[in-house]
>>> print(open('input_22.cif').read())   # mmCIF, C-alpha atoms
data_my_file
#
loop_
_atom_site.label_atom_id
_atom_site.label_comp_id
_atom_site.auth_asym_id
_atom_site.auth_seq_id
_atom_site.Cartn_x
_atom_site.Cartn_y
_atom_site.Cartn_z
CA MET A 1 20.14 -2.38 -21.88
CA LYS A 2 18.90 -5.96 -21.97
CA LYS A 3 19.09 -8.14 -18.87
CA LEU A 4 18.43 -11.88 -18.99
CA PHE A 5 17.44 -13.71 -15.81
CA THR A 6 18.03 -17.44 -16.28
CA HIS A 7 17.34 -20.74 -14.48
CA ILE A 8 14.60 -19.16 -12.35
CA GLN A 9 13.25 -21.85 -10.04
CA SER A 10 9.74 -20.33 -10.17
CA LEU A 11 8.51 -17.21 -11.98
CA LEU A 12 5.33 -16.01 -10.26
CA VAL A 13 2.27 -13.97 -11.27
CA VAL A 14 2.86 -14.43 -15.01
CA GLU A 15 0.23 -13.13 -17.42
CA ALA A 16 -0.14 -13.58 -21.15
CA GLU A 17 -3.06 -11.13 -21.17
CA PRO A 18 -2.88 -8.62 -18.31
CA ALA A 19 -5.93 -8.53 -16.05
CA LYS A 20 -7.08 -5.62 -13.90
CA TRP A 21 -7.16 -7.82 -10.78
CA VAL A 22 -7.67 -11.37 -9.55
CA ALA A 23 -10.75 -12.08 -7.42
CA GLY A 24 -12.48 -14.70 -5.30
CA PRO A 25 -11.55 -18.36 -5.84
CA ASP A 26 -9.20 -17.38 -8.69
CA MET A 27 -6.85 -15.87 -6.10
CA ALA A 28 -5.91 -19.40 -5.02
CA THR A 29 -4.50 -20.19 -8.47
CA LEU A 30 -1.06 -18.62 -8.85
CA PRO A 31 0.11 -18.25 -12.47
CA ILE A 32 3.61 -19.73 -12.47
CA LEU A 33 6.42 -20.95 -14.72
CA HIS A 34 9.09 -23.34 -13.42
CA ASP A 35 12.70 -23.44 -14.67
CA ALA A 36 12.09 -20.11 -16.35
CA TRP A 37 13.86 -17.15 -17.90
CA LEU A 38 12.92 -13.47 -18.08
CA LEU A 39 14.24 -10.78 -20.42
CA THR A 40 14.06 -7.06 -19.68
CA ASP A 41 14.80 -4.23 -22.11
CA ASN A 42 15.66 -1.03 -20.28
CA ASP A 43 12.71 -0.46 -17.91
CA LEU A 44 10.25 -2.98 -19.37
CA ILE A 45 9.68 -6.73 -19.40
CA SER A 46 10.17 -7.83 -23.01
CA ALA A 47 9.81 -11.65 -22.89
CA PHE A 48 9.77 -14.71 -20.64
CA GLY A 49 9.45 -18.45 -20.95
CA THR A 50 10.88 -21.79 -19.87
CA MET A 51 14.56 -22.67 -20.16
CA ASN A 52 14.02 -25.03 -23.10
CA ASP A 53 13.66 -21.95 -25.34
CA CYS A 54 15.92 -19.49 -23.49
CA PRO A 55 17.67 -16.73 -25.47
CA THR A 56 21.45 -16.75 -25.40
CA GLU A 57 22.33 -13.08 -25.80
CA ALA A 58 21.87 -10.08 -23.53
CA ASP A 59 23.93 -7.22 -22.14
CA GLU A 60 23.83 -8.83 -18.69
CA ILE A 61 22.92 -12.36 -17.64
CA ILE A 62 21.80 -13.03 -14.05
CA ASP A 63 21.75 -16.66 -12.91
CA CYS A 64 18.72 -17.25 -10.65
CA THR A 65 19.31 -20.92 -9.89
CA GLY A 66 17.38 -21.87 -6.74
CA LYS A 67 15.65 -18.49 -6.60
CA ILE A 68 12.10 -17.30 -7.11
CA VAL A 69 11.30 -14.19 -9.16
CA LEU A 70 8.05 -12.31 -8.71
CA PRO A 71 6.76 -8.77 -9.24
CA ALA A 72 8.01 -6.24 -6.71
CA TRP A 73 5.43 -5.43 -4.04
CA CYS A 74 2.87 -2.73 -4.76
CA ASP A 75 2.25 -1.18 -1.33
CA SER A 76 -0.96 0.77 -1.87
CA HIS A 77 -1.45 2.29 1.59
CA THR A 78 1.31 4.07 3.53
CA HIS A 79 1.84 7.24 5.56
CA LEU A 80 5.62 7.14 5.34
CA VAL A 81 6.04 10.93 5.24
CA TYR A 82 5.95 11.71 8.95
CA ALA A 83 8.16 13.29 11.60
CA GLY A 84 9.79 11.42 14.46
CA SER A 85 8.15 8.39 16.09
CA ARG A 86 5.61 7.50 18.77
CA GLU A 87 7.20 4.84 20.93
CA GLY A 88 5.88 6.60 24.04
CA GLU A 89 2.38 5.66 22.94
CA PHE A 90 3.64 2.13 22.36
CA GLU A 91 4.13 1.91 26.11
CA ASP A 92 0.62 3.32 26.64
CA LYS A 93 -0.75 0.51 24.49
CA ILE A 94 1.20 -2.04 26.52
CA ASN A 95 -0.39 -0.55 29.64
CA GLY A 96 -3.85 -1.12 28.22
CA LEU A 97 -4.89 2.14 26.56
CA SER A 98 -6.81 1.75 23.30
CA TYR A 99 -6.11 3.63 20.05
CA GLU A 100 -9.20 5.78 20.68
CA GLU A 101 -8.27 6.51 24.32
CA ILE A 102 -4.82 7.69 23.26
CA ALA A 103 -6.41 9.93 20.62
CA GLU A 104 -8.87 11.36 23.16
CA ARG A 105 -5.93 12.39 25.36
CA GLY A 106 -4.48 14.43 22.50
CA GLY A 107 -2.08 11.72 21.33
CA GLY A 108 -2.18 9.60 18.23
CA ILE A 109 -2.54 11.52 14.98
CA LEU A 110 -2.58 14.86 16.84
CA ASN A 111 0.77 14.03 18.41
CA SER A 112 2.29 13.41 14.98
CA ALA A 113 0.66 16.56 13.61
CA ALA A 114 2.22 18.74 16.30
CA LEU A 115 5.69 17.30 15.63
CA LEU A 116 5.32 17.59 11.87
CA ARG A 117 4.32 21.24 12.05
CA SER A 118 7.58 22.04 13.86
CA THR A 119 9.75 19.99 11.47
CA SER A 120 11.29 21.69 8.45
CA GLU A 121 10.48 20.41 4.98
CA ASP A 122 14.11 19.43 4.39
CA GLU A 123 14.29 17.43 7.62
CA LEU A 124 10.96 15.80 6.86
CA TYR A 125 12.29 14.81 3.44
CA ALA A 126 15.50 13.37 4.95
CA GLN A 127 13.53 11.20 7.39
CA SER A 128 11.14 10.02 4.69
CA ALA A 129 13.93 9.27 2.22
CA ARG A 130 15.47 6.86 4.73
CA ARG A 131 12.16 5.01 4.85
CA MET A 132 11.95 4.86 1.06
CA LYS A 133 15.39 3.25 0.92
CA GLU A 134 14.30 0.77 3.57
CA LEU A 135 11.25 -0.23 1.52
CA MET A 136 13.40 -1.22 -1.44
CA THR A 137 15.42 -3.62 0.74
CA MET A 138 12.11 -5.41 1.44
CA GLY A 139 11.14 -5.82 -2.21
CA THR A 140 8.76 -2.90 -2.68
CA GLY A 141 8.72 -1.33 -6.14
CA ALA A 142 5.68 0.99 -6.01
CA VAL A 143 4.16 2.87 -3.11
CA GLU A 144 1.25 5.16 -2.26
CA ILE A 145 1.97 7.98 0.20
CA LYS A 146 -0.74 9.84 2.12
CA SER A 147 -0.66 13.18 3.86
CA GLY A 148 -2.76 13.56 7.01
CA TYR A 149 -0.29 14.48 9.75
CA GLY A 150 -0.44 18.18 8.95
CA LEU A 151 -4.10 18.99 9.67
CA SER A 152 -3.52 22.56 8.48
CA THR A 153 -3.28 23.80 4.93
CA GLU A 154 0.40 24.74 5.21
CA SER A 155 1.46 21.46 6.81
CA GLU A 156 -0.62 19.25 4.52
CA LEU A 157 1.01 20.95 1.54
CA LYS A 158 4.42 20.41 3.15
CA MET A 159 3.81 16.67 3.42
CA LEU A 160 2.66 16.38 -0.17
CA ARG A 161 5.60 18.43 -1.44
CA VAL A 162 7.92 16.00 0.33
CA ALA A 163 6.11 13.09 -1.32
CA LYS A 164 6.55 14.83 -4.68
CA ARG A 165 10.29 15.16 -4.00
CA LEU A 166 10.49 11.47 -3.17
CA LYS A 167 8.79 10.67 -6.46
CA ALA A 168 11.31 12.82 -8.32
CA ASN A 169 14.38 11.43 -6.56
CA PHE A 170 13.60 7.72 -6.28
CA PRO A 171 13.02 5.21 -9.10
CA MET A 172 9.92 3.77 -7.41
CA GLU A 173 6.51 4.74 -8.73
CA VAL A 174 4.86 6.97 -6.12
CA LYS A 175 1.16 7.77 -5.94
CA THR A 176 0.12 10.59 -3.63
CA THR A 177 -3.07 10.95 -1.60
CA PHE A 178 -4.45 14.02 0.19
CA LEU A 179 -5.72 12.99 3.64
CA GLY A 180 -6.45 16.29 5.33
CA ALA A 181 -9.53 14.58 6.82
CA HIS A 182 -7.44 12.22 8.96
CA ALA A 183 -8.50 13.64 12.32
CA PHE A 184 -9.92 16.82 13.84
CA PRO A 185 -7.22 19.21 15.13
CA ALA A 186 -7.49 20.17 18.78
CA GLU A 187 -8.58 23.70 17.88
CA TYR A 188 -11.59 22.31 16.00
CA ARG A 189 -12.70 19.73 18.57
CA GLU A 190 -15.80 21.77 19.44
CA ASN A 191 -16.54 22.86 15.88
CA ARG A 192 -15.91 19.91 13.61
CA GLU A 193 -17.99 21.24 10.75
CA ALA A 194 -15.69 24.25 10.55
CA TYR A 195 -12.75 21.91 9.94
CA VAL A 196 -14.68 20.03 7.25
CA ASP A 197 -15.32 23.41 5.61
CA LEU A 198 -11.59 24.20 5.81
CA VAL A 199 -10.72 20.92 4.09
CA ILE A 200 -13.30 21.53 1.36
CA ASN A 201 -12.91 25.25 0.73
CA GLU A 202 -9.21 25.83 1.34
CA MET A 203 -7.13 22.65 1.47
CA ILE A 204 -8.49 20.83 -1.57
CA PRO A 205 -8.13 23.82 -3.93
CA ALA A 206 -4.60 24.50 -2.63
CA VAL A 207 -3.53 20.87 -3.15
CA ALA A 208 -5.05 20.87 -6.62
CA GLU A 209 -3.38 24.14 -7.60
CA GLU A 210 0.06 22.59 -7.01
CA LYS A 211 -0.99 19.25 -8.54
CA LEU A 212 0.18 17.40 -5.44
CA ALA A 213 -2.35 14.55 -5.12
CA ASP A 214 -3.63 11.72 -7.29
CA TYR A 215 -6.22 10.63 -4.72
CA ILE A 216 -8.26 11.98 -1.83
CA ASP A 217 -8.87 10.04 1.38
CA VAL A 218 -11.01 10.40 4.51
CA PHE A 219 -10.88 8.53 7.83
CA CYS A 220 -14.56 7.54 7.94
CA ASP A 221 -14.99 5.78 11.27
CA ARG A 222 -16.34 6.02 14.78
CA GLY A 223 -15.00 9.13 16.49
CA PHE A 224 -13.60 10.56 13.27
CA PHE A 225 -15.47 11.66 10.11
CA THR A 226 -19.11 10.72 9.55
CA PRO A 227 -20.37 9.28 6.26
CA ASP A 228 -22.06 12.61 5.47
CA GLN A 229 -18.87 14.59 6.10
CA THR A 230 -16.91 11.99 4.13
CA GLU A 231 -19.20 12.25 1.12
CA ARG A 232 -18.98 16.04 1.06
CA ILE A 233 -15.20 15.91 1.09
CA LEU A 234 -14.99 13.20 -1.56
CA ALA A 235 -17.38 15.06 -3.84
CA LYS A 236 -15.29 18.22 -3.65
CA GLY A 237 -12.09 16.26 -4.29
CA ALA A 238 -13.68 14.68 -7.37
CA GLU A 239 -14.38 18.17 -8.74
CA TYR A 240 -10.60 18.68 -8.73
CA GLY A 241 -9.78 15.31 -10.30
CA MET A 242 -8.84 13.44 -7.12
CA GLN A 243 -10.28 9.91 -7.07
CA PRO A 244 -11.38 8.66 -3.63
CA LYS A 245 -9.58 6.14 -1.43
CA ILE A 246 -11.07 5.69 2.05
CA HIS A 247 -10.02 4.61 5.54
CA ALA A 248 -13.14 2.65 6.46
CA ASN A 249 -14.53 0.37 9.16
CA GLU A 250 -11.37 -0.04 11.21
CA LEU A 251 -13.11 0.65 14.51
CA ASP A 252 -16.80 0.06 13.78
CA PHE A 253 -19.41 -0.57 11.10
CA SER A 254 -19.15 3.07 10.11
CA GLY A 255 -20.80 3.22 6.70
CA GLY A 256 -17.44 4.08 5.20
CA ILE A 257 -17.41 1.15 2.79
CA GLN A 258 -20.80 2.10 1.38
CA ALA A 259 -19.72 5.75 1.09
CA GLY A 260 -16.62 4.67 -0.80
CA VAL A 261 -18.57 2.50 -3.22
CA LYS A 262 -21.11 5.30 -3.78
CA HIS A 263 -18.30 7.66 -4.78
CA GLN A 264 -16.47 5.08 -6.91
CA ALA A 265 -13.47 4.86 -4.61
CA ARG A 266 -10.41 3.13 -6.04
CA SER A 267 -10.08 1.28 -2.76
CA VAL A 268 -11.53 1.11 0.73
CA ASP A 269 -8.89 0.24 3.30
CA HIS A 270 -8.69 -1.38 6.76
CA LEU A 271 -12.14 -3.13 6.82
CA GLU A 272 -11.73 -4.90 10.15
CA CYS A 273 -15.49 -4.44 10.62
CA THR A 274 -17.01 -5.93 7.47
CA GLY A 275 -20.27 -7.88 7.20
CA ASP A 276 -22.65 -9.09 4.54
CA ASP A 277 -23.97 -5.62 3.66
CA GLU A 278 -20.47 -4.27 3.13
CA ILE A 279 -19.44 -7.27 1.02
CA ASP A 280 -22.57 -6.94 -1.10
CA ALA A 281 -21.79 -3.27 -1.73
CA LEU A 282 -18.24 -4.11 -2.81
CA LEU A 283 -19.37 -6.93 -5.09
CA SER A 284 -21.38 -4.45 -7.16
CA SER A 285 -18.41 -2.09 -7.59
CA ASP A 286 -14.93 -1.65 -9.04
CA THR A 287 -13.58 -0.77 -5.57
CA MET A 288 -10.69 -2.82 -4.18
CA ALA A 289 -10.92 -4.18 -0.63
CA THR A 290 -7.50 -3.39 0.85
CA LEU A 291 -6.53 -5.13 4.08
CA LEU A 292 -3.88 -3.87 6.50
CA PRO A 293 -3.05 -6.73 8.87
CA GLY A 294 -0.04 -4.90 10.29
CA THR A 295 -2.44 -2.47 11.97
CA ALA A 296 -4.54 -5.23 13.55
CA PHE A 297 -1.32 -6.89 14.74
CA PHE A 298 0.12 -3.74 16.31
CA LEU A 299 -3.13 -2.52 17.90
CA GLY A 300 -4.31 -5.96 19.00
CA ILE A 301 -7.68 -5.60 17.30
CA GLU A 302 -9.75 -7.99 15.20
CA TYR A 303 -8.31 -8.86 11.79
CA PRO A 304 -10.36 -8.21 8.64
CA PRO A 305 -12.45 -11.22 7.51
CA ALA A 306 -10.30 -12.01 4.48
CA ARG A 307 -11.62 -15.54 4.05
CA LYS A 308 -15.23 -14.38 4.01
CA MET A 309 -14.42 -11.68 1.45
CA ILE A 310 -12.56 -14.01 -0.90
CA SER A 311 -15.19 -16.75 -0.58
CA ALA A 312 -17.82 -14.19 -1.56
CA GLY A 313 -15.89 -13.45 -4.76
CA LEU A 314 -14.15 -10.20 -3.87
CA PRO A 315 -10.65 -9.19 -4.94
CA VAL A 316 -8.45 -8.41 -1.92
CA ALA A 317 -5.27 -6.33 -1.75
CA LEU A 318 -2.65 -6.20 1.01
CA ALA A 319 -0.71 -3.14 2.12
CA SER A 320 1.53 -2.16 5.02
CA ASP A 321 -0.17 0.99 6.41
CA TYR A 322 3.36 2.17 7.27
CA ASN A 323 2.79 4.93 9.86
CA PRO A 324 4.16 5.99 13.26
CA GLY A 325 1.14 5.16 15.39
CA SER A 326 -0.58 1.94 14.35
CA SER A 327 1.79 0.16 11.94
CA PRO A 328 5.37 1.44 12.20
CA SER A 329 6.77 -0.84 9.51
CA GLY A 330 6.76 -1.10 5.72
CA ASN A 331 7.83 -4.74 5.83
CA MET A 332 5.68 -6.34 3.14
CA PRO A 333 7.16 -9.83 3.64
CA PHE A 334 5.85 -9.68 7.22
CA ILE A 335 2.46 -8.49 5.92
CA LEU A 336 2.45 -11.58 3.72
CA SER A 337 3.06 -13.78 6.77
CA LEU A 338 0.40 -12.06 8.86
CA SER A 339 -2.19 -12.49 6.12
CA CYS A 340 -1.59 -16.24 6.07
CA ILE A 341 -1.17 -16.80 9.81
CA LYS A 342 -3.88 -14.49 11.13
CA MET A 343 -6.34 -14.10 8.23
CA LYS A 344 -5.93 -17.66 6.85
CA MET A 345 -5.11 -16.50 3.36
CA LEU A 346 -3.28 -19.02 1.20
CA PRO A 347 0.25 -18.13 0.06
CA GLU A 348 -1.05 -17.90 -3.51
CA GLU A 349 -3.74 -15.44 -2.44
CA ALA A 350 -1.38 -13.33 -0.37
CA ILE A 351 1.21 -13.02 -3.14
CA GLN A 352 -1.37 -11.86 -5.67
CA ALA A 353 -2.98 -9.52 -3.13
CA ALA A 354 0.38 -7.80 -2.57
CA THR A 355 1.27 -7.52 -6.26
CA LEU A 356 -1.43 -7.31 -8.95
CA ASN A 357 -4.29 -6.35 -6.64
CA GLY A 358 -2.09 -3.84 -4.85
CA ALA A 359 -1.24 -2.32 -8.22
CA TYR A 360 -4.96 -1.96 -9.01
CA ALA A 361 -5.55 -0.28 -5.63
CA MET A 362 -3.35 2.61 -6.74
CA GLY A 363 -4.25 2.66 -10.43
CA LEU A 364 -1.12 0.89 -11.68
CA GLU A 365 -2.55 -2.43 -12.87
CA LYS A 366 -1.66 -1.69 -16.52
CA THR A 367 2.03 -1.19 -15.76
CA HIS A 368 2.83 -2.95 -12.46
CA GLY A 369 1.99 -5.95 -10.32
CA SER A 370 2.56 -8.92 -12.64
CA ILE A 371 5.05 -10.49 -15.03
CA ALA A 372 3.70 -9.46 -18.43
CA VAL A 373 5.28 -8.23 -21.63
CA GLY A 374 5.29 -4.44 -21.69
CA LYS A 375 4.92 -3.98 -17.94
CA LYS A 376 7.58 -2.30 -15.82
CA ALA A 377 10.58 -4.45 -14.98
CA ASN A 378 9.92 -4.25 -11.23
CA LEU A 379 11.16 -7.52 -9.81
CA LEU A 380 11.80 -9.18 -6.46
CA ILE A 381 14.40 -11.96 -6.52
CA THR A 382 14.52 -14.20 -3.48
CA LYS A 383 17.55 -15.86 -1.99
CA ASN A 384 17.70 -19.64 -2.41
CA VAL A 385 14.38 -20.96 -1.08
CA SER A 386 12.56 -24.26 -1.35
CA SER A 387 9.21 -22.95 -2.67
CA TYR A 388 6.99 -19.87 -2.75
CA SER A 389 5.14 -21.12 0.34
CA PHE A 390 8.41 -20.57 2.22
CA LEU A 391 7.97 -16.82 1.80
CA PRO A 392 5.06 -16.30 4.23
CA TYR A 393 6.09 -19.34 6.30
CA ALA A 394 9.53 -17.99 7.23
CA TYR A 395 8.35 -14.83 8.98
CA GLY A 396 11.20 -12.62 10.09
CA THR A 397 13.69 -14.28 7.73
CA GLN A 398 15.38 -11.91 5.28
CA TRP A 399 14.73 -13.89 2.13
CA VAL A 400 14.61 -10.86 -0.20
CA GLY A 401 17.77 -11.19 -2.27
CA ALA A 402 17.45 -8.32 -4.75
CA THR A 403 15.00 -5.67 -5.88
CA TYR A 404 14.86 -4.31 -9.42
CA VAL A 405 12.89 -1.14 -10.22
CA ASN A 406 12.47 -0.06 -13.83
CA GLY A 407 15.01 -2.69 -14.83
CA GLU A 408 17.74 -1.41 -12.51
CA CYS A 409 18.99 -3.14 -9.38
CA VAL A 410 18.22 -0.90 -6.38
CA TYR A 411 19.06 -3.49 -3.69
CA ASN A 412 21.28 -6.56 -3.82
CA ASP A 413 22.02 -9.03 -1.03
CA LEU A 414 22.56 -12.10 -3.18
CA ASP A 415 25.60 -14.29 -2.68
#
>>> encode(input="input_22.cif", output="structure tokens")
Amino acid sequence: MKKLFTHIQSLLVVEAEPAKWVAGPDMATLPILHDAWLLTDNDLISAFGTMNDCPTEADEIIDCTGKIVLPAWCDSHTHLVYAGSREGEFEDKINGLSYEEIAERGGGILNSAALLRSTSEDELYAQSARRMKELMTMGTGAVEIKSGYGLSTESELKMLRVAKRLKANFPMEVKTTFLGAHAFPAEYRENREAYVDLVINEMIPAVAEEKLADYIDVFCDRGFFTPDQTERILAKGAEYGMQPKIHANELDFSGGIQAGVKHQARSVDHLECTGDDEIDALLSSDTMATLLPGTAFFLGIEYPPARKMISAGLPVALASDYNPGSSPSGNMPFILSLSCIKMKMLPEEAIQAATLNGAYAMGLEKTHGSIAVGKKANLLITKNVSSYSFLPYAYGTQWVGATYVNGECVYNDLD
């Protein structure tokens, strides 16, 4: 079925020749067509141009007068398969406890792990499916989902099976990541190496046997997994075909970025603590620097140095880090606003970080993240807005008008 979108005020992130990412100063130049049209054929983009050469025939014609069309968000870092919520810890944070202090008291990730273990797979799926539906109302068209709230072989497999069901039952592209090394369970607090051995010798082979994960991740940071432990886990995951993605340098200069680069990680994520050495390591790699400003906002910690990274020539991606403890929201429009307000990214940079660079961060740059012939027809259509700068400017405003995934409308709030 052919759909023709006409009279588009601005068509963003257009590419004649698809690139793997956009980096450094180039991020400030947003490829754009004004007064444009876009043609989709079933699930793919088949053509686009300006209205002076617009086709006249299609199975469906959608008038986009006054609206902006851009690629649907590619949210490359989420934990949206989890049980319940942690608003009790929200009050602890208000009362002054830090993320690490809450974890030391047995809260944080361990709290979520205990609840997940007692939640049935069907109930876990039902909760997670509601979150997937919510993401589509915010313009997201592709998502990465991590495990990490199981912290036992059985529960980690349960999380990844739920993610696999989501992939089967929703039109969105879903990439899955095994994150058994998210924290040390209480029973291994005094013998951390034994838990590392469990991840390596039991969890990774079990995940691989069921083909449940595209990537492997480790929380390499102060108080969590050391660079040496991280490298051992990543090396074993690579033996089973799982490419690394790392939680790195959220709490300290942990060596996580360098470990990720050494093991050819697809992305290193968080990066609140990033200096010259870390930037130099990334510049010599194909690893994407993925920033999660929602986490810094919610925890009240320092934001990643986005401006320094971009000025140095790095590509930067943005993601939500949707999770119950440190970023309980998958609202990518708000992430866009935070990146501009708190990290001083330009609207052009933020839009490309959340689309093409986000696609690269989960291995989808050939099919997602930009408006290019042959890519998936994953589109976000705004309501009537004055310009693309309005999108991060109007934080909290519901300006997402419609979301198309694989050429089909999955959310519509247009007049």
>>> resolve_selection(input="input_22.cif", expression="the PyMOL selection byres ((chain A and resi 146) around 12)", output="ChimeraX atom specification")
/A:75-82,143-145,147-150,156-164,174-182,212-219,245-247,321-323,362
>>> residues_around(input="input_22.cif", residues="stretch 286-302 of chain A", least_positions_apart="3", cutoff="6 Å", atoms="all atoms listed in the file", output="VMD selection string")
chain A and resid 265 to 270 316 to 320 326 to 327 361
>>> axis_aligned_box(input="input_22.cif", around="stretch 331-337 of chain A", padding_each_side="5 Å", output="JSON")
{"center_x": 5.1, "center_y": -9.3, "center_z": 5.2, "size_x": 15.4, "size_y": 19.0, "size_z": 14.1}
>>> resolve_selection(input="input_22.cif", expression="the PyMOL selection byres ((chain A and resi 409) around 12)", output="PyMOL selection string")
chain A and resi 3+42-43+60+62+72+136-137+139+141+171-172+377-381+401-408+410-414
>>> closest_residue(input="input_22.cif", among="A:Thr29, A:Thr226, A:Gln258, A:Gln398", to="A:Asn331", atoms="all atoms listed in the file")
A:Gln398
>>> resolve_selection(input="input_22.cif", expression="the PyMOL selection byres ((chain A and resi 280-284) around 7)", output="PyMOL selection string")
chain A and resi 258+261+276-279+285+287+314
>>> closest_residue(input="input_22.cif", among="A:Thr56, A:Asn191, A:Asn357, A:Thr382", to="A:Val22", atoms="only C-alpha atoms")
A:Asn357
>>> atom_distance(input="input_22.cif", atom1="atom CA of A:Gln9", atom2="atom CA of A:Ile335")
23.4 Å
>>> atom_distance(input="input_22.cif", atom1="atom CA of A:Gly374", atom2="atom CA of A:Ala16")
10.6 Å
>>> atom_distance(input="input_22.cif", atom1="atom CA of A:Tyr388", atom2="atom CA of A:Lys133")
24.9 Å
>>> residues_around(input="input_22.cif", residues="A:Phe90", least_positions_apart="2", cutoff="10 Å", atoms="only C-alpha atoms", output="PDB file with C-alpha atoms, in the frame of the given file")
ATOM      1  CA  SER A  85       8.150   8.390  16.090  1.00  0.00           C
ATOM      2  CA  ARG A  86       5.610   7.500  18.770  1.00  0.00           C
ATOM      3  CA  GLU A  87       7.200   4.840  20.930  1.00  0.00           C
ATOM      4  CA  GLY A  88       5.880   6.600  24.040  1.00  0.00           C
ATOM      5  CA  ASP A  92       0.620   3.320  26.640  1.00  0.00           C
ATOM      6  CA  LYS A  93      -0.750   0.510  24.490  1.00  0.00           C
ATOM      7  CA  ILE A  94       1.200  -2.040  26.520  1.00  0.00           C
ATOM      8  CA  ASN A  95      -0.390  -0.550  29.640  1.00  0.00           C
ATOM      9  CA  LEU A  97      -4.890   2.140  26.560  1.00  0.00           C
ATOM     10  CA  PHE A 298       0.120  -3.740  16.310  1.00  0.00           C
ATOM     11  CA  LEU A 299      -3.130  -2.520  17.900  1.00  0.00           C
ATOM     12  CA  PRO A 324       4.160   5.990  13.260  1.00  0.00           C
ATOM     13  CA  GLY A 325       1.140   5.160  15.390  1.00  0.00           C
ATOM     14  CA  SER A 326      -0.580   1.940  14.350  1.00  0.00           C
TER      15      SER A 326
END
>>> closest_residue(input="input_22.cif", among="A:Leu12, A:Ile200, A:Val207, A:Ile351", to="A:Phe334", atoms="all atoms listed in the file")
A:Ile351
>>> closest_atom_pairs(input="input_22.cif", of="stretch 170-190 of chain A", to="stretch 107-130 of chain A", cutoff="8 Å", atoms="all atoms listed in the file", output="CSV")
residue,atom,partner,partner_atom,distance
A:His182,CA,A:Ile109,CA,7.8
A:Ala183,CA,A:Ile109,CA,6.9
A:Pro185,CA,A:Leu110,CA,6.6
A:Ala186,CA,A:Leu110,CA,7.5
